[in-house]
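With mmCIF, C-alpha atoms inside, this is structure-v1.cif:
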data_data
loop_
_atom_site.group_PDB
_atom_site.id
_atom_site.type_symbol
_atom_site.label_atom_id
_atom_site.label_comp_id
_atom_site.auth_asym_id
_atom_site.auth_seq_id
_atom_site.Cartn_x
_atom_site.Cartn_y
_atom_site.Cartn_z
ATOM 1 C CA MET G 134 -61.612 26.474 -85.368
ATOM 2 C CA MET G 135 -59.096 24.918 -82.983
ATOM 3 C CA VAL G 136 -58.509 28.050 -80.907
ATOM 4 C CA PRO G 137 -62.212 28.952 -80.420
ATOM 5 C CA ALA G 138 -62.911 25.340 -79.442
ATOM 6 C CA ALA G 139 -59.969 25.351 -77.030
ATOM 7 C CA LEU G 140 -61.237 28.556 -75.453
ATOM 8 C CA LEU G 141 -64.720 27.108 -74.996
ATOM 9 C CA LEU G 142 -63.250 23.968 -73.482
ATOM 10 C CA LEU G 143 -61.106 26.066 -71.143
ATOM 11 C CA GLY G 144 -64.119 28.116 -70.079
ATOM 12 C CA ALA G 145 -66.192 24.983 -69.437
ATOM 13 C CA LEU G 146 -63.383 23.436 -67.420
ATOM 14 C CA ALA G 147 -62.969 26.581 -65.320
ATOM 15 C CA SER G 148 -66.714 26.888 -64.712
ATOM 16 C CA VAL G 149 -66.868 23.346 -63.331
ATOM 17 C CA ALA G 150 -63.521 23.039 -61.562
ATOM 18 C CA ALA G 151 -63.204 26.503 -59.968
ATOM 19 C CA PRO G 152 -66.217 26.225 -57.598
ATOM 20 C CA ARG G 153 -65.068 22.787 -56.441
ATOM 21 C CA LEU G 154 -61.514 23.931 -55.825
ATOM 22 C CA LEU G 155 -62.595 27.047 -53.933
ATOM 23 C CA ALA G 156 -65.040 25.010 -51.833
ATOM 24 C CA ARG G 157 -62.178 22.818 -50.583
ATOM 25 C CA VAL G 158 -59.965 25.589 -49.232
ATOM 26 C CA ASP G 159 -60.544 27.141 -45.816
ATOM 27 C CA TRP G 160 -58.993 30.579 -46.248
ATOM 28 C CA PRO G 161 -61.971 32.485 -47.822
ATOM 29 C CA ASP G 162 -63.612 32.885 -44.406
ATOM 30 C CA ARG G 163 -60.344 34.268 -43.059
ATOM 31 C CA GLU G 164 -59.747 36.589 -46.023
ATOM 32 C CA PRO G 165 -63.129 37.468 -47.557
ATOM 33 C CA VAL G 166 -61.773 40.432 -49.519
ATOM 34 C CA VAL G 167 -59.170 38.242 -51.207
ATOM 35 C CA ALA G 168 -61.836 35.612 -51.852
ATOM 36 C CA LEU G 169 -64.065 38.225 -53.493
ATOM 37 C CA TRP G 170 -61.188 39.173 -55.774
ATOM 38 C CA VAL G 171 -60.471 35.526 -56.657
ATOM 39 C CA TRP G 172 -64.095 34.854 -57.555
ATOM 40 C CA GLN G 173 -64.261 37.961 -59.741
ATOM 41 C CA CYS G 174 -61.105 36.910 -61.586
ATOM 42 C CA VAL G 175 -62.433 33.386 -62.168
ATOM 43 C CA VAL G 176 -65.740 34.650 -63.550
ATOM 44 C CA ALA G 177 -63.909 37.232 -65.665
ATOM 45 C CA ALA G 178 -61.761 34.431 -67.133
ATOM 46 C CA VAL G 179 -64.847 32.359 -68.039
ATOM 47 C CA LEU G 180 -66.510 35.353 -69.682
ATOM 48 C CA LEU G 181 -63.283 36.231 -71.481
ATOM 49 C CA CYS G 182 -63.083 32.703 -72.894
ATOM 50 C CA CYS G 183 -66.552 33.171 -74.373
ATOM 51 C CA VAL G 184 -65.796 36.639 -75.756
ATOM 52 C CA LEU G 185 -62.525 35.584 -77.398
ATOM 53 C CA SER G 186 -64.095 32.420 -78.810
ATOM 54 C CA MET G 187 -66.952 34.473 -80.252
ATOM 55 C CA THR G 188 -64.539 36.984 -81.799
ATOM 56 C CA LEU G 189 -62.320 34.357 -83.417
ATOM 57 C CA SER G 190 -65.316 32.338 -84.609
ATOM 58 C CA ALA G 191 -66.860 35.426 -86.182
ATOM 59 C CA SER G 192 -63.568 36.277 -87.887
ATOM 60 C CA ALA G 193 -63.437 32.752 -89.319
ATOM 61 C CA ALA G 194 -67.009 32.954 -90.591
ATOM 62 C CA TRP G 195 -67.198 36.464 -92.042
ATOM 63 C CA VAL G 196 -64.592 38.365 -94.025
ATOM 64 C CA ALA G 197 -65.791 41.750 -92.786
ATOM 65 C CA VAL G 198 -65.201 40.758 -89.165
ATOM 66 C CA ARG G 199 -61.865 39.199 -90.090
ATOM 67 C CA GLY G 200 -60.727 42.497 -91.541
ATOM 68 C CA HIS G 201 -61.406 44.273 -88.261
ATOM 69 C CA VAL G 202 -59.878 41.570 -86.057
ATOM 70 C CA PHE G 203 -56.741 40.970 -88.120
ATOM 71 C CA GLY G 204 -56.452 44.384 -89.733
ATOM 72 C CA GLY G 205 -52.781 45.097 -90.403
ATOM 73 C CA ALA G 206 -51.663 41.648 -89.234
ATOM 74 C CA PRO G 207 -49.109 39.739 -91.374
ATOM 75 C CA ALA G 208 -50.478 37.011 -93.628
ATOM 76 C CA PRO G 209 -48.853 34.167 -91.615
ATOM 77 C CA VAL G 210 -50.749 35.330 -88.527
ATOM 78 C CA VAL G 211 -54.073 35.338 -90.374
ATOM 79 C CA ASP G 212 -53.329 31.901 -91.813
ATOM 80 C CA ALA G 213 -52.450 30.557 -88.358
ATOM 81 C CA TYR G 214 -56.050 30.946 -87.261
ATOM 82 C CA ALA G 215 -57.345 29.042 -90.324
ATOM 83 C CA PRO G 216 -60.187 31.454 -91.072
ATOM 84 C CA GLY G 217 -61.622 29.284 -93.820
ATOM 85 C CA ALA G 218 -61.812 26.008 -91.898
ATOM 86 C CA GLY G 219 -65.139 25.022 -90.381
ATOM 87 C CA ALA G 220 -66.896 28.201 -91.472
ATOM 88 C CA PRO G 221 -70.447 26.849 -90.896
ATOM 89 C CA TRP G 222 -69.592 25.793 -87.348
ATOM 90 C CA ALA G 223 -67.781 29.083 -86.826
ATOM 91 C CA ALA G 224 -70.860 31.093 -87.761
ATOM 92 C CA ALA G 225 -73.112 29.017 -85.514
ATOM 93 C CA THR G 226 -70.675 29.326 -82.607
ATOM 94 C CA ALA G 227 -70.327 33.091 -83.050
ATOM 95 C CA VAL G 228 -74.089 33.614 -83.227
ATOM 96 C CA ALA G 229 -74.732 31.417 -80.185
ATOM 97 C CA LEU G 230 -72.112 33.208 -78.105
ATOM 98 C CA ALA G 231 -73.354 36.613 -79.274
ATOM 99 C CA CYS G 232 -76.873 35.650 -78.180
ATOM 100 C CA GLY G 233 -75.433 34.583 -74.834
ATOM 101 C CA GLY G 234 -73.740 37.955 -74.472
ATOM 102 C CA ALA G 235 -76.932 39.817 -75.340
ATOM 103 C CA TRP G 236 -78.866 37.685 -72.850
ATOM 104 C CA THR G 237 -76.290 38.472 -70.144
ATOM 105 C CA ALA G 238 -76.618 42.201 -70.829
ATOM 106 C CA ALA G 239 -80.416 41.908 -70.702
ATOM 107 C CA MET G 240 -80.277 40.058 -67.375
ATOM 108 C CA LEU G 241 -77.942 42.673 -65.916
ATOM 109 C CA ALA G 242 -80.173 45.506 -67.152
ATOM 110 C CA ARG G 243 -83.213 43.788 -65.645
ATOM 111 C CA GLU G 244 -81.420 43.341 -62.325
ATOM 112 C CA ILE G 245 -80.405 47.011 -62.225
ATOM 113 C CA VAL G 246 -83.906 48.205 -63.139
ATOM 114 C CA ARG G 247 -85.460 46.002 -60.470
ATOM 115 C CA ALA G 248 -82.971 47.229 -57.879
ATOM 116 C CA ARG G 249 -83.757 50.852 -58.725
ATOM 117 C CA LEU G 250 -87.483 50.190 -58.511
ATOM 118 C CA ARG G 251 -87.040 48.495 -55.130
ATOM 119 C CA ARG G 252 -84.905 51.386 -53.898
ATOM 120 C CA ARG G 253 -87.439 53.955 -55.143
ATOM 121 C CA GLN G 254 -90.283 52.066 -53.490
ATOM 122 C CA SER G 255 -88.321 51.782 -50.244
ATOM 123 C CA ARG G 256 -87.630 55.513 -50.196
ATOM 124 C CA SER G 257 -91.308 56.244 -50.877
ATOM 125 C CA GLU G 258 -92.340 53.970 -48.019
ATOM 126 C CA LEU G 259 -89.733 55.647 -45.826
ATOM 127 C CA LEU G 260 -91.269 59.061 -46.508
ATOM 128 C CA VAL G 261 -94.675 57.677 -45.574
ATOM 129 C CA ARG G 262 -93.455 56.104 -42.335
ATOM 130 C CA ALA G 263 -91.097 58.979 -41.465
ATOM 131 C CA PRO G 264 -92.557 62.086 -43.114
ATOM 132 C CA LEU G 265 -90.816 65.430 -43.060
ATOM 133 C CA LEU G 266 -91.972 67.801 -40.375
ATOM 134 C CA PRO G 267 -93.544 71.160 -41.345
ATOM 135 C CA GLY G 268 -90.747 73.440 -42.510
ATOM 136 C CA GLU G 269 -88.223 70.590 -42.682
ATOM 137 C CA GLU G 270 -86.214 70.293 -45.882
ATOM 138 C CA PRO G 271 -84.993 66.994 -47.343
ATOM 139 C CA GLY G 272 -81.383 66.594 -46.271
ATOM 140 C CA ASP G 273 -78.528 64.148 -46.461
ATOM 141 C CA ASP G 274 -79.226 62.500 -43.113
ATOM 142 C CA ARG G 275 -77.185 59.317 -42.811
ATOM 143 C CA LEU G 276 -79.420 57.841 -40.099
ATOM 144 C CA VAL G 277 -83.204 57.550 -40.121
ATOM 145 C CA VAL G 278 -85.151 56.194 -37.164
ATOM 146 C CA LEU G 279 -88.478 54.452 -37.759
ATOM 147 C CA GLU G 280 -91.098 53.456 -35.233
ATOM 148 C CA GLY G 281 -91.214 49.660 -35.272
ATOM 149 C CA GLU G 282 -91.821 46.668 -33.048
ATOM 150 C CA ARG G 283 -89.207 44.511 -34.759
ATOM 151 C CA PRO G 284 -85.487 45.214 -34.297
ATOM 152 C CA ASP G 285 -84.085 45.864 -37.735
ATOM 153 C CA ALA G 286 -81.474 47.926 -39.537
ATOM 154 C CA TRP G 287 -80.767 48.181 -43.238
ATOM 155 C CA LEU G 288 -79.024 50.414 -45.745
ATOM 156 C CA LEU G 289 -80.815 52.317 -48.482
ATOM 157 C CA SER G 290 -78.190 52.525 -51.213
ATOM 158 C CA GLY G 291 -77.926 55.378 -53.677
ATOM 159 C CA THR G 292 -76.018 58.619 -54.118
ATOM 160 C CA THR G 293 -76.602 59.384 -50.428
ATOM 161 C CA PRO G 294 -76.849 56.032 -48.610
ATOM 162 C CA GLN G 295 -78.999 56.081 -45.494
ATOM 163 C CA LEU G 296 -79.013 53.681 -42.560
ATOM 164 C CA VAL G 297 -82.566 52.969 -41.411
ATOM 165 C CA VAL G 298 -82.985 51.751 -37.830
ATOM 166 C CA THR G 299 -86.189 50.867 -36.037
ATOM 167 C CA THR G 300 -86.917 52.043 -32.514
ATOM 168 C CA ALA G 301 -86.945 48.410 -31.368
ATOM 169 C CA ALA G 302 -83.364 48.079 -32.625
ATOM 170 C CA LEU G 303 -82.354 51.240 -30.771
ATOM 171 C CA ARG G 304 -83.748 49.778 -27.560
ATOM 172 C CA ARG G 305 -81.744 46.593 -28.056
ATOM 173 C CA LEU G 306 -78.452 47.940 -29.370
ATOM 174 C CA LYS G 307 -76.301 49.046 -26.471
ATOM 175 C CA GLY G 308 -73.151 51.114 -26.242
ATOM 176 C CA ARG G 309 -71.284 51.194 -29.529
ATOM 177 C CA GLN G 310 -73.310 48.436 -31.166
ATOM 178 C CA LEU G 311 -75.279 50.947 -33.255
ATOM 179 C CA ASP G 312 -72.005 52.502 -34.428
ATOM 180 C CA ALA G 313 -70.786 49.008 -35.376
ATOM 181 C CA VAL G 314 -73.955 48.365 -37.424
ATOM 182 C CA LEU G 315 -73.491 51.712 -39.154
ATOM 183 C CA ALA G 316 -69.839 50.862 -39.916
ATOM 184 C CA HIS G 317 -70.935 47.484 -41.298
ATOM 185 C CA GLU G 318 -73.420 49.076 -43.696
ATOM 186 C CA GLN G 319 -70.953 51.797 -44.668
ATOM 187 C CA GLY G 320 -68.485 49.039 -45.535
ATOM 188 C CA HIS G 321 -71.040 47.699 -48.024
ATOM 189 C CA ALA G 322 -71.568 51.149 -49.514
ATOM 190 C CA ARG G 323 -67.876 52.060 -49.848
ATOM 191 C CA ALA G 324 -66.961 48.742 -51.492
ATOM 192 C CA ARG G 325 -70.006 48.946 -53.815
ATOM 193 C CA HIS G 326 -71.068 45.449 -52.852
ATOM 194 C CA ASP G 327 -74.447 46.115 -54.458
ATOM 195 C CA TRP G 328 -72.821 45.956 -57.901
ATOM 196 C CA LEU G 329 -71.241 42.607 -57.109
ATOM 197 C CA LEU G 330 -74.622 41.285 -56.031
ATOM 198 C CA HIS G 331 -76.321 42.651 -59.162
ATOM 199 C CA CYS G 332 -73.752 41.126 -61.523
ATOM 200 C CA SER G 333 -73.711 37.755 -59.778
ATOM 201 C CA ALA G 334 -77.516 37.605 -59.709
ATOM 202 C CA ALA G 335 -77.721 38.504 -63.407
ATOM 203 C CA LEU G 336 -75.295 35.740 -64.401
ATOM 204 C CA ALA G 337 -76.902 33.136 -62.141
ATOM 205 C CA ASN G 338 -80.441 33.979 -63.287
ATOM 206 C CA GLY G 339 -79.437 34.142 -66.933
ATOM 207 C CA PHE G 340 -77.481 30.867 -66.904
ATOM 208 C CA PRO G 341 -78.753 28.791 -63.963
ATOM 209 C CA GLN G 342 -77.144 25.601 -65.290
ATOM 210 C CA VAL G 343 -73.601 27.011 -65.242
ATOM 211 C CA PRO G 344 -72.017 25.932 -61.922
ATOM 212 C CA VAL G 345 -69.584 28.818 -61.591
ATOM 213 C CA PHE G 346 -72.312 31.457 -61.908
ATOM 214 C CA ALA G 347 -74.576 29.856 -59.290
ATOM 215 C CA ALA G 348 -71.643 29.471 -56.893
ATOM 216 C CA PHE G 349 -70.546 33.036 -57.661
ATOM 217 C CA ARG G 350 -73.933 34.402 -56.601
ATOM 218 C CA ASP G 351 -74.070 32.351 -53.396
ATOM 219 C CA GLU G 352 -70.526 33.225 -52.399
ATOM 220 C CA MET G 353 -70.999 36.925 -53.117
ATOM 221 C CA HIS G 354 -73.936 37.092 -50.699
ATOM 222 C CA ARG G 355 -71.864 35.366 -48.025
ATOM 223 C CA LEU G 356 -68.485 37.012 -48.564
ATOM 224 C CA VAL G 357 -69.729 40.603 -48.758
ATOM 225 C CA GLU G 358 -71.272 40.158 -45.305
ATOM 226 C CA LEU G 359 -68.034 38.741 -43.921
ATOM 227 C CA ALA G 360 -66.050 41.595 -45.449
ATOM 228 C CA ALA G 361 -68.417 44.189 -43.960
ATOM 229 C CA ASP G 362 -68.222 42.422 -40.580
ATOM 230 C CA ASP G 363 -64.441 42.769 -40.709
ATOM 231 C CA VAL G 364 -64.722 46.485 -41.498
ATOM 232 C CA ALA G 365 -66.911 47.016 -38.444
ATOM 233 C CA SER G 366 -64.854 44.756 -36.167
ATOM 234 C CA ARG G 367 -61.629 46.607 -36.961
ATOM 235 C CA ARG G 368 -63.186 49.815 -35.629
ATOM 236 C CA PHE G 369 -65.374 48.582 -32.793
ATOM 237 C CA GLY G 370 -64.212 45.066 -31.993
ATOM 238 C CA ARG G 371 -65.483 41.620 -32.913
ATOM 239 C CA LEU G 372 -67.547 41.207 -29.757
ATOM 240 C CA THR G 373 -69.446 44.448 -30.388
ATOM 241 C CA ILE G 374 -70.563 43.559 -33.930
ATOM 242 C CA ALA G 375 -71.302 39.951 -32.881
ATOM 243 C CA LEU G 376 -73.594 41.125 -30.079
ATOM 244 C CA ALA G 377 -75.272 43.555 -32.477
ATOM 245 C CA LEU G 378 -75.981 40.696 -34.889
ATOM 246 C CA VAL G 379 -77.476 38.646 -32.073
ATOM 247 C CA GLU G 380 -79.674 41.510 -30.885
ATOM 248 C CA LEU G 381 -80.990 42.233 -34.391
ATOM 249 C CA ASN G 382 -81.657 38.609 -35.347
ATOM 250 C CA GLU G 383 -82.568 36.881 -32.080
ATOM 251 C CA ASP G 384 -86.340 37.141 -32.657
ATOM 252 C CA ARG G 385 -86.137 35.811 -36.225
ATOM 253 C CA GLY G 386 -85.417 32.247 -35.223
ATOM 254 C CA VAL G 387 -82.037 32.118 -36.931
ATOM 255 C CA PHE G 388 -80.371 30.701 -33.833
ATOM 256 C CA GLY G 389 -82.883 27.877 -33.391
ATOM 257 C CA PRO G 390 -82.459 24.210 -34.353
ATOM 258 C CA GLY G 391 -84.597 24.403 -37.491
ATOM 259 C CA PRO G 392 -83.684 25.878 -40.884
ATOM 260 C CA ALA G 393 -83.921 29.654 -41.174
ATOM 261 C CA PRO G 394 -83.802 32.052 -44.124
ATOM 262 C CA ASP G 395 -80.779 33.821 -42.589
ATOM 263 C CA ALA G 396 -78.863 30.668 -41.676
ATOM 264 C CA HIS G 397 -75.549 32.405 -42.344
ATOM 265 C CA VAL G 398 -76.008 34.746 -39.362
ATOM 266 C CA PRO G 399 -75.005 32.135 -36.710
ATOM 267 C CA GLN G 400 -71.941 31.306 -38.794
ATOM 268 C CA ARG G 401 -71.005 34.979 -38.882
ATOM 269 C CA VAL G 402 -71.410 35.265 -35.112
ATOM 270 C CA ASP G 403 -69.290 32.156 -34.529
ATOM 271 C CA ARG G 404 -66.622 33.531 -36.856
ATOM 272 C CA LEU G 405 -66.520 36.817 -34.958
ATOM 273 C CA LEU G 406 -66.404 35.193 -31.528
ATOM 274 C CA THR G 407 -63.807 32.543 -32.432
ATOM 275 C CA PRO G 408 -61.570 34.361 -34.912
ATOM 276 C CA ARG G 409 -58.847 32.555 -36.784
ATOM 277 C CA ASP G 410 -55.541 34.189 -37.623
ATOM 278 C CA ARG G 411 -55.373 36.035 -40.904
ATOM 279 C CA LEU G 412 -53.161 34.729 -43.663
ATOM 280 C CA PRO G 413 -49.617 36.147 -43.769
ATOM 281 C CA ALA G 414 -49.306 39.246 -45.911
ATOM 282 C CA ALA G 415 -46.997 37.425 -48.332
ATOM 283 C CA ARG G 416 -49.546 34.694 -48.928
ATOM 284 C CA ARG G 417 -52.343 37.233 -49.420
ATOM 285 C CA LEU G 418 -50.181 38.958 -51.995
ATOM 286 C CA ARG G 419 -49.464 35.665 -53.768
ATOM 287 C CA LEU G 420 -53.150 34.753 -53.887
ATOM 288 C CA THR G 421 -54.058 38.184 -55.231
ATOM 289 C CA ALA G 422 -51.369 38.025 -57.925
ATOM 290 C CA ALA G 423 -52.241 34.445 -58.890
ATOM 291 C CA ALA G 424 -55.921 35.362 -59.219
ATOM 292 C CA ALA G 425 -55.038 38.349 -61.403
ATOM 293 C CA LEU G 426 -53.241 35.976 -63.774
ATOM 294 C CA VAL G 427 -56.296 33.733 -64.250
ATOM 295 C CA PRO G 428 -57.977 36.016 -66.836
ATOM 296 C CA VAL G 429 -54.643 36.209 -68.664
ATOM 297 C CA VAL G 430 -54.778 32.479 -69.491
ATOM 298 C CA PRO G 431 -57.524 32.806 -72.161
ATOM 299 C CA VAL G 432 -55.658 35.709 -73.718
ATOM 300 C CA VAL G 433 -52.486 33.627 -73.927
ATOM 301 C CA VAL G 434 -54.395 30.730 -75.488
ATOM 302 C CA ALA G 435 -55.909 33.077 -78.072
ATOM 303 C CA PHE G 436 -52.556 34.625 -78.974
ATOM 304 C CA VAL G 437 -50.442 31.448 -79.111
ATOM 305 C CA PRO G 438 -51.047 30.632 -82.833
ATOM 306 C CA GLY G 439 -50.263 34.193 -83.881
ATOM 307 C CA LEU G 440 -47.127 34.362 -81.768
ATOM 308 C CA ARG G 441 -45.938 31.047 -83.181
ATOM 309 C CA ALA G 442 -46.514 32.288 -86.705
ATOM 310 C CA LEU G 443 -44.471 35.418 -86.020
ATOM 311 C CA GLY G 444 -41.648 33.356 -84.553
ATOM 312 C CA ARG G 445 -41.179 31.208 -87.642
#

Have the structure of the file written as structure tokens, please.
Amino acid sequence: MMVPAALLLLGALASVAAPRLLARVDWPDREPVVALWVWQCVVAAVLLCCVLSMTLSASAAWVAVRGHVFGGAPAPVVDAYAPGAGAPWAAATAVALACGGAWTAAMLAREIVRARLRRRQSRSELLVRAPLLPGEEPGDDRLVVLEGERPDAWLLSGTTPQLVVTTAALRRLKGRQLDAVLAHEQGHARARHDWLLHCSAALANGFPQVPVFAAFRDEMHRLVELAADDVASRRFGRLTIALALVELNEDRGVFGPGPAPDAHVPQRVDRLLTPRDRLPAARRLRLTAAAALVPVVPVVVAFVPGLRALGR
């Protein structure tokens, strides 16, 4: 039971330490895409610790599972994992982790179902507010204009994503600002940011007491917006997308002194208007490679006893 316990300890350490370490560095705002990758690798490592611990615990508790896990392995390798030691604790650990995995899958399924229901309801409301004209056929229009007093723009995700813009937003957005908003939303669609948000929400809602999952959800909501801002700014300039954000959110009170539900919008505008230099390409590459190695650590820990047994 030493290896499963070590994996659980490693996962717990990563879930507590990773959010604190990432909160202390200042480069995620400068490189949101790299930060998204780092967060995904950290969460993948924590989940991998749980999966490997569950597998090794189950193999220690039940002979049938052991035969599948160590099928064809030399006897010294099987002995290195001490399958007979702590069998009662091994069974309890395997069952608990399996229940956690099933709960995670249920939370993810619930999040996906809810998202589809919201999308279906939004499209139904869109047809009511912007019905097809007589003789008009449903098409793949990328832009839909709605009559509305409030300036707003949002993306309806799906197989054919559509940008919905109100007439109030059209009156406010000037020049290429509408094109910048469209590029921003297309950046979300191309990078499939909706899946990141679904997965992070499922983990955070399923395990609200786990620090890394709560931080993962919060950072995903923030970083995907920064990444989409960068996509739009590369095509239309930082000032254009910053002014578009101001025009769309000015009447919502987000720029006032009090707390607002979209408090991250002023931070995004400040970031666009006072940009900091990007990290050097070499450092971005090093961060990406180092993050990719994080999920490898649990695998190495799991394989160490077997590799030692083979080396004797």

### Query
Rounded to one decimal in Å, what is the spacing between CA of Ala425 in chain G and CA of Ala213 in chain G?
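CA of Ala213 in chain G lies 28.2 Å from CA of Ala425 in chain G.
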
Around all of range 304-312 of chain G's listed atoms, make the axis-aligned box with 5 Å on each side and tell me centre and edge lengths in Å to one decimal, as JSON.
{"center_x": -77.5, "center_y": 49.5, "center_z": -30.3, "size_x": 22.5, "size_y": 15.9, "size_z": 18.2}

### Message
One decimal, in Å: what's the spacing between CA of Val402 in chain G and CA of Leu378 in chain G?
### Response
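One can read the CA of Val402 in chain G to CA of Leu378 in chain G distance as 7.1 Å.
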
I'd like the neighbourhood of Leu276 in chain G as an mmCIF file with C-alpha atoms, in the frame of the given file, where a residue qualifies if any of its atoms comes within 7 Å (using all atoms listed in the file), though same-chain residues fewer than 2 positions away should be ignored.
data_model
loop_
_atom_site.group_PDB
_atom_site.id
_atom_site.type_symbol
_atom_site.label_atom_id
_atom_site.label_comp_id
_atom_site.auth_asym_id
_atom_site.auth_seq_id
_atom_site.Cartn_x
_atom_site.Cartn_y
_atom_site.Cartn_z
ATOM 1 C CA ASP G 274 -79.226 62.500 -43.113
ATOM 2 C CA VAL G 278 -85.151 56.194 -37.164
ATOM 3 C CA GLN G 295 -78.999 56.081 -45.494
ATOM 4 C CA LEU G 296 -79.013 53.681 -42.560
ATOM 5 C CA VAL G 297 -82.566 52.969 -41.411
#

### Task
Any chance you could resolve the PyMOL selection byres ((chain G and resi 305-322) around 7) against this file and give the residues as number ranges by chain?
G: 288, 290, 296, 301-304, 323-326, 361-362, 364-365, 369, 373-374, 377, 380

Using the chain letters and numbers from the file, give me the residues hit by the PyMOL selection byres ((chain G and resi 152) around 9), as an mmCIF file with C-alpha atoms, keeping the file's coordinate frame.
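Dumped everything to expr.cif:
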data_model
loop_
_atom_site.group_PDB
_atom_site.id
_atom_site.type_symbol
_atom_site.label_atom_id
_atom_site.label_comp_id
_atom_site.auth_asym_id
_atom_site.auth_seq_id
_atom_site.Cartn_x
_atom_site.Cartn_y
_atom_site.Cartn_z
ATOM 1 C CA ALA G 147 -62.969 26.581 -65.320
ATOM 2 C CA SER G 148 -66.714 26.888 -64.712
ATOM 3 C CA VAL G 149 -66.868 23.346 -63.331
ATOM 4 C CA ALA G 150 -63.521 23.039 -61.562
ATOM 5 C CA ALA G 151 -63.204 26.503 -59.968
ATOM 6 C CA ARG G 153 -65.068 22.787 -56.441
ATOM 7 C CA LEU G 154 -61.514 23.931 -55.825
ATOM 8 C CA LEU G 155 -62.595 27.047 -53.933
ATOM 9 C CA ALA G 156 -65.040 25.010 -51.833
ATOM 10 C CA ARG G 157 -62.178 22.818 -50.583
ATOM 11 C CA TRP G 172 -64.095 34.854 -57.555
ATOM 12 C CA PRO G 344 -72.017 25.932 -61.922
ATOM 13 C CA VAL G 345 -69.584 28.818 -61.591
ATOM 14 C CA ALA G 348 -71.643 29.471 -56.893
ATOM 15 C CA PHE G 349 -70.546 33.036 -57.661
#

### Message
At a cut-off of 12 Å, using only C-alpha atoms, what residues contact Ser255 in chain G? Leave out same-chain residues fewer than 4 positions from it and give the result as a list in words.
### Response
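The contact residues come out as Ala248, Arg249, Leu250, Arg251, Leu259, Leu260, Val261, Arg262, Ala263, Trp287, Leu288, Leu289, Ser290, Gly291, Gln295 and Val297 of chain G.
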
### Query
Nearest to Pro284 in chain G among G:Asn382, G:Ser186, G:Ser333, G:Gln254, with distances taken over all atoms listed in the file: which residue is it?
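Distance minimum relative to Pro284 in chain G lands on G:Asn382.
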
### Message
Please report the interatomic distance between CA of Leu329 in chain G and CA of Trp236 in chain G in Å with one decimal.
### Response
18.2 Å

Contact residues around Thr407 in chain G with only C-alpha atoms at 10 Å, ignoring same-chain residues under 5 positions, as a PDB file with C-alpha atoms, keeping the file's coordinate frame:
ATOM      1  CA  ARG G 371     -65.483  41.620 -32.913  1.00  0.00           C
ATOM      2  CA  LEU G 372     -67.547  41.207 -29.757  1.00  0.00           C
ATOM      3  CA  ARG G 401     -71.005  34.979 -38.882  1.00  0.00           C
ATOM      4  CA  VAL G 402     -71.410  35.265 -35.112  1.00  0.00           C
TER       5      VAL G 402
END

### Task
Choose the residue, out of G:Cys182, G:Val427, G:Ala239, G:Ala193, that has the smallest atom-to-atom separation from Ala225 in chain G; count all atoms listed in the file.
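Among the listed residues, the smallest separation from Ala225 in chain G belongs to G:Ala193.
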
### Hits from the PyMOL selection byres ((chain G and resi 199) around 12), listed as an MDAnalysis selection string
chainID G and resid 188:198 200:206 210:212 214:217

Export of the given selection (C-alpha atoms) as a compact mmCIF listing (two decimals), keeping the file's coordinate frame:
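Output below, filename result.txt:
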# COMPACT_ATOMS: atom_id res chain seq x y z
CA THR G 188 -64.54 36.98 -81.80
CA LEU G 189 -62.32 34.36 -83.42
CA SER G 190 -65.32 32.34 -84.61
CA ALA G 191 -66.86 35.43 -86.18
CA SER G 192 -63.57 36.28 -87.89
CA ALA G 193 -63.44 32.75 -89.32
CA ALA G 194 -67.01 32.95 -90.59
CA TRP G 195 -67.20 36.46 -92.04
CA VAL G 196 -64.59 38.36 -94.02
CA ALA G 197 -65.79 41.75 -92.79
CA VAL G 198 -65.20 40.76 -89.16
CA GLY G 200 -60.73 42.50 -91.54
CA HIS G 201 -61.41 44.27 -88.26
CA VAL G 202 -59.88 41.57 -86.06
CA PHE G 203 -56.74 40.97 -88.12
CA GLY G 204 -56.45 44.38 -89.73
CA GLY G 205 -52.78 45.10 -90.40
CA ALA G 206 -51.66 41.65 -89.23
CA VAL G 210 -50.75 35.33 -88.53
CA VAL G 211 -54.07 35.34 -90.37
CA ASP G 212 -53.33 31.90 -91.81
CA TYR G 214 -56.05 30.95 -87.26
CA ALA G 215 -57.34 29.04 -90.32
CA PRO G 216 -60.19 31.45 -91.07
CA GLY G 217 -61.62 29.28 -93.82

### Task
With a distance cut-off of 12 Å and only C-alpha atoms, select the neighbouring residues of Arg411 in chain G, excluding the residue or stretch itself and same-chain residues fewer than 5 positions from it, and output the selection as a PyMOL selection string.
chain G and resi 159-167+363+416-417
